[in-house]
Structures are given as C-alpha cells and as structure tokens.
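This report concerns only the one structure given below.
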Amino acid sequence: MMHGVKKVGVAGAGQMGGGIALVAASSGLETVVFDAHGPAIEKCRALHDKLLARNVEKGRMNQADADGAKGRVKFVESPEGLKGSDIIIEAIVEDAQIKKELFPKLAAQLSGNGILASNTSSISITDLATSVPEHAARFIGMHFFNPVPVMKLVEVINGLATSTETTERVLALSEAMGKTAHAANDRPGFVSNRVLMPMINEAFYAWMEGVAEPEDIDEIMKLGCAFPMGPLRLADFIGLDTCVKIMDVLAEGLNNPRYRACPLLKQLVTAGRLGDKTGRGVYEYGK
Ligand SMILES: NC(=O)c1ccc[n+]([C@@H]2O[C@H](COP(=O)([O-])OP(=O)(O)OC[C@H]3O[C@@H](n4cnc5c(N)ncnc54)[C@H](O)[C@@H]3O)[C@@H](O)[C@H]2O)c1
C-alpha cells in the first residue's frame, strides 16, 4: 500500500522530534516542526545544520541533497502552522495529560485522510486516542529510537481502534523514511521495553545480590550474548529514572509484581545517580 503522505508534521522539536523531522526531510518529504518553546526550535535548527554538515563531510550526502533537506523543513510556534499535514507525529513531553490536551489541536490541522501518530515510549495508544475519538481509526503509535537518524527501527503500535489501512500506510511511510518497521499491539511497554527493561532490571538484581560486579555483568552479556553494550551501561545511557518509570508502567499495566523495579535501581535514582546525564549512574563519567 502507498502511504499517500506528502507533508509530515512533527510536534515537539526535542531530541526525538528533531531527529524524526530530519529523517523525513532527508527522504524528500515536506516537513513542518511545531514546538511551543522558541529556544527548542533554535536548538533543533542548529542541530540539523550540524548533522547535515557532518553527513556532507563524511560523504554520506552531497551538498545539494543536504541543502534540499534543510529547505524542506519549516519551523512553527503554533499548531496551526501544521495545517494540511498528511500525518502529524507527536514527540512532545512524556505526559499523557499534556499529550491529550494537544491532540485535538493537531487533529484539526490534518488533511482529509490524515493520520495522528505518537512517538510515546510508554503511554497506551488506545488511551491517547480517546482524546480524539473521531480519529481513533487513524491514530497510531510510531515509536522511533534514539538517535533517530542512526537507529533503523520504527515500532508501529496499533491501538484498539487503529484501522488496518492506517497501520499499512504507516509501515509504508516508515520504510519510505529509510527505516525498518514492525507492528505490535498496544500493551504496556509494547515489544521493545517489555522485553528489554525486565532484562536490565534483572541485571540490577544480579548486581544487588552479589552475583557479579557491574563490569563483569556487562562484559558477560556483551561477549556471551553479542550485545553491543551491557545492560547496566545501557541503563546509564537511557537514564536510571526512565528505567524505573518504565518498570512502573509494566508493573501497573500488566498487574504483575514480577515487573517491580529492583530496589538497588530505585536507590541509585534516589541518590541522584541517573546515569550519563548526571555524570554518574552505575558507572562514573567525566564531566
Ligand atoms: N529520548 C528517547 O530516548 C526516546 C525514545 C523513544 C521515544 N521517546 C518519546 O519521545 C517523546 C519526546 O521525547 P524527547 O526525548 O524528544 O523529549 P525532549 O524533552 O527532548 O523534547 C520534547 C519537546 O517537546 C516540546 N514540548 C513540550 N510540551 C509541548 C507542548 N505542549 N506543545 C508543543 N511542544 C511541547 C518541548 O519544548 C521539547 O522541545 C516522549 O514521548 C518520549 O517518551 C523518547
């Protein structure tokens, strides 16, 4: 099936939205990015310039294509600026209430058969879709991974009411953006976090129970399971606070105590050791 998308709207110019917009524009799609905060837009614009210049420098893109991509991205400071988008991909703050307040404003900007997608990593797509009931069939999860220009996967999440046509269009669009897309259903953690996060949590239990030291746990998983990075190092990269939040979503959503966050993981968060972003998590990092 064809995706039928000419114009992509992105809501949120942060780490994820900025990356999604750059990938869309680089694949030839007209792209408009909305963020409510001016400084976020300036930061995103500067990041695009830097990434495009690096792509040219490394021979991954020629100057004309980089200029073309830059020329296809427009930034706006109100949702109305997204008017006429064939899809709007939401990547604002991870807060169900704030997202739900924004969706009706985004829905009003869509072209006739337009799709609303959320990049949420943990909120139920079915729940978010209740904010725009008349759009529920054209509401879907489009879960990109960080850093978006590098990571190949889009996890496409079907809400309870998402139509097959919407899923097929979003799978086709993801491929047209140079990604590999796989569909999953709307259950807590989808597939990626449902499988990854309990594994990371278990690595904290192994450390807490003295099975091995962090370096040994990480090296064993790297060399023994061909992981590019050990689970504890990955937790530092994701942010230990984010790991706890995702475990909370799994524990509550799946109603099963086996998903409770490891006490040691929670203790590090209490101590302010959140990982790379605070300079210390499981490991210590230079300033
Ligand atoms: N960072 C990751 O690794 C990752 C991976 C996958 C999915 N996600 C999801 O992507 C989304 C965005 O995450 P991020 O890391 O890019 O966050 P971020 O903080 O870098 O960016 C969020 C942006 O949204 C803007 N914003 C906030 N509220 C807004 C509103 N009401 N209207 C318009 N703009 C608003 C902010 O100004 C900011 O620029 C979240 O839902 C997150 O769960 C994040």
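Chain labels A, B, ... are given in the sequence in which chains occur in the structure tokens; within each chain residues are numbered consecutively from 1, and ligands are likewise numbered from 1 in the order shown.
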Residue neighbourhood A:Leu110, 9 Å, only C-alpha atoms, exclusion window fewer than 5 positions, as a PyMOL selection string: chain A and resi 9+82-88+115-116
Cut-off 6 Å, only C-alpha atoms and all ligand atoms, neighbours of ligand 1 as a VMD selection string: chain A and resid 12 to 17 35 to 37 40 91 to 94 98 119 to 121 143 to 146
Atoms kept (N, CA and C atoms) for selection, written as a compact mmCIF listing (two decimals), in the first residue's frame:
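Below is the file again35.txt, written as the result:
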# COMPACT_ATOMS: atom_id res chain seq x y z
N GLY A 12 6.86 18.88 18.57
CA GLY A 12 7.97 18.68 19.51
C GLY A 12 9.28 18.69 18.75
N ALA A 13 10.14 19.67 19.06
CA ALA A 13 11.41 19.81 18.34
C ALA A 13 12.57 19.36 19.22
N GLY A 14 12.31 18.44 20.15
CA GLY A 14 13.36 17.97 21.07
C GLY A 14 14.23 16.92 20.41
N GLN A 15 14.85 16.13 21.29
CA GLN A 15 15.75 15.09 20.84
C GLN A 15 15.10 14.19 19.78
N MET A 16 13.90 13.72 20.05
CA MET A 16 13.25 12.77 19.14
C MET A 16 12.58 13.48 17.97
N GLY A 17 11.79 14.53 18.24
CA GLY A 17 11.09 15.24 17.16
C GLY A 17 12.07 15.81 16.15
N ASP A 35 6.95 23.50 17.79
CA ASP A 35 7.31 23.41 19.21
C ASP A 35 6.79 24.68 19.88
N ALA A 36 6.30 24.53 21.10
CA ALA A 36 5.73 25.67 21.82
C ALA A 36 6.82 26.58 22.38
N HIS A 37 8.06 26.09 22.39
CA HIS A 37 9.14 26.86 23.00
C HIS A 37 10.18 27.28 21.97
N ALA A 40 13.74 25.85 21.93
CA ALA A 40 13.83 24.46 21.45
C ALA A 40 13.95 24.44 19.93
N ALA A 91 5.85 14.21 19.31
CA ALA A 91 7.01 13.82 20.12
C ALA A 91 7.26 14.90 21.17
N ILE A 92 6.22 15.27 21.91
CA ILE A 92 6.39 16.25 22.99
C ILE A 92 6.67 15.47 24.29
N VAL A 93 6.62 16.18 25.38
CA VAL A 93 6.97 15.59 26.68
C VAL A 93 6.11 14.34 26.99
N GLU A 94 6.72 13.37 27.70
CA GLU A 94 6.06 12.09 28.01
C GLU A 94 5.07 12.26 29.17
N ILE A 98 -0.77 16.14 29.07
CA ILE A 98 -0.32 17.20 28.15
C ILE A 98 -0.48 16.76 26.70
N ASN A 119 4.87 9.26 19.27
CA ASN A 119 6.17 8.60 19.50
C ASN A 119 6.34 8.20 20.96
N THR A 120 5.26 8.16 21.71
CA THR A 120 5.38 7.80 23.14
C THR A 120 6.13 6.49 23.33
N SER A 121 6.95 6.41 24.39
CA SER A 121 7.63 5.13 24.62
C SER A 121 6.89 4.28 25.64
N HIS A 143 6.91 4.52 17.12
CA HIS A 143 7.94 4.58 18.16
C HIS A 143 9.32 4.49 17.52
N PHE A 144 9.96 5.66 17.42
CA PHE A 144 11.32 5.74 16.89
C PHE A 144 12.30 5.54 18.04
N PHE A 145 13.55 5.27 17.70
CA PHE A 145 14.58 5.02 18.71
C PHE A 145 15.69 6.06 18.61
N ASN A 146 16.31 6.32 19.72
CA ASN A 146 17.29 7.40 19.86
C ASN A 146 18.71 6.87 19.61
Surrounding residues of A:Met247 excluding itself and chain neighbours under 2 positions, 12 Å, only C-alpha atoms, as an NGL selection string: :A and (122 or 188-189 or 193-202 or 240-245 or 249-263 or 265-266)
Counting only C-alpha atoms, the option among A:Val154, A:Val33, A:Glu80, A:Ala11 closest to A:Lys99: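 Under the stated criterion, the closest residue is A:Ala11.
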Filtered DSSP result for stretch 14-204 of chain A, state alpha helix (DSSP H), as a count of residues only: 85
Gap from atom CA of A:Thr166 to atom CA of A:Val10 - Å, one decimal: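 Separation of atom CA of A:Thr166 and atom CA of A:Val10: 17.5 Å.
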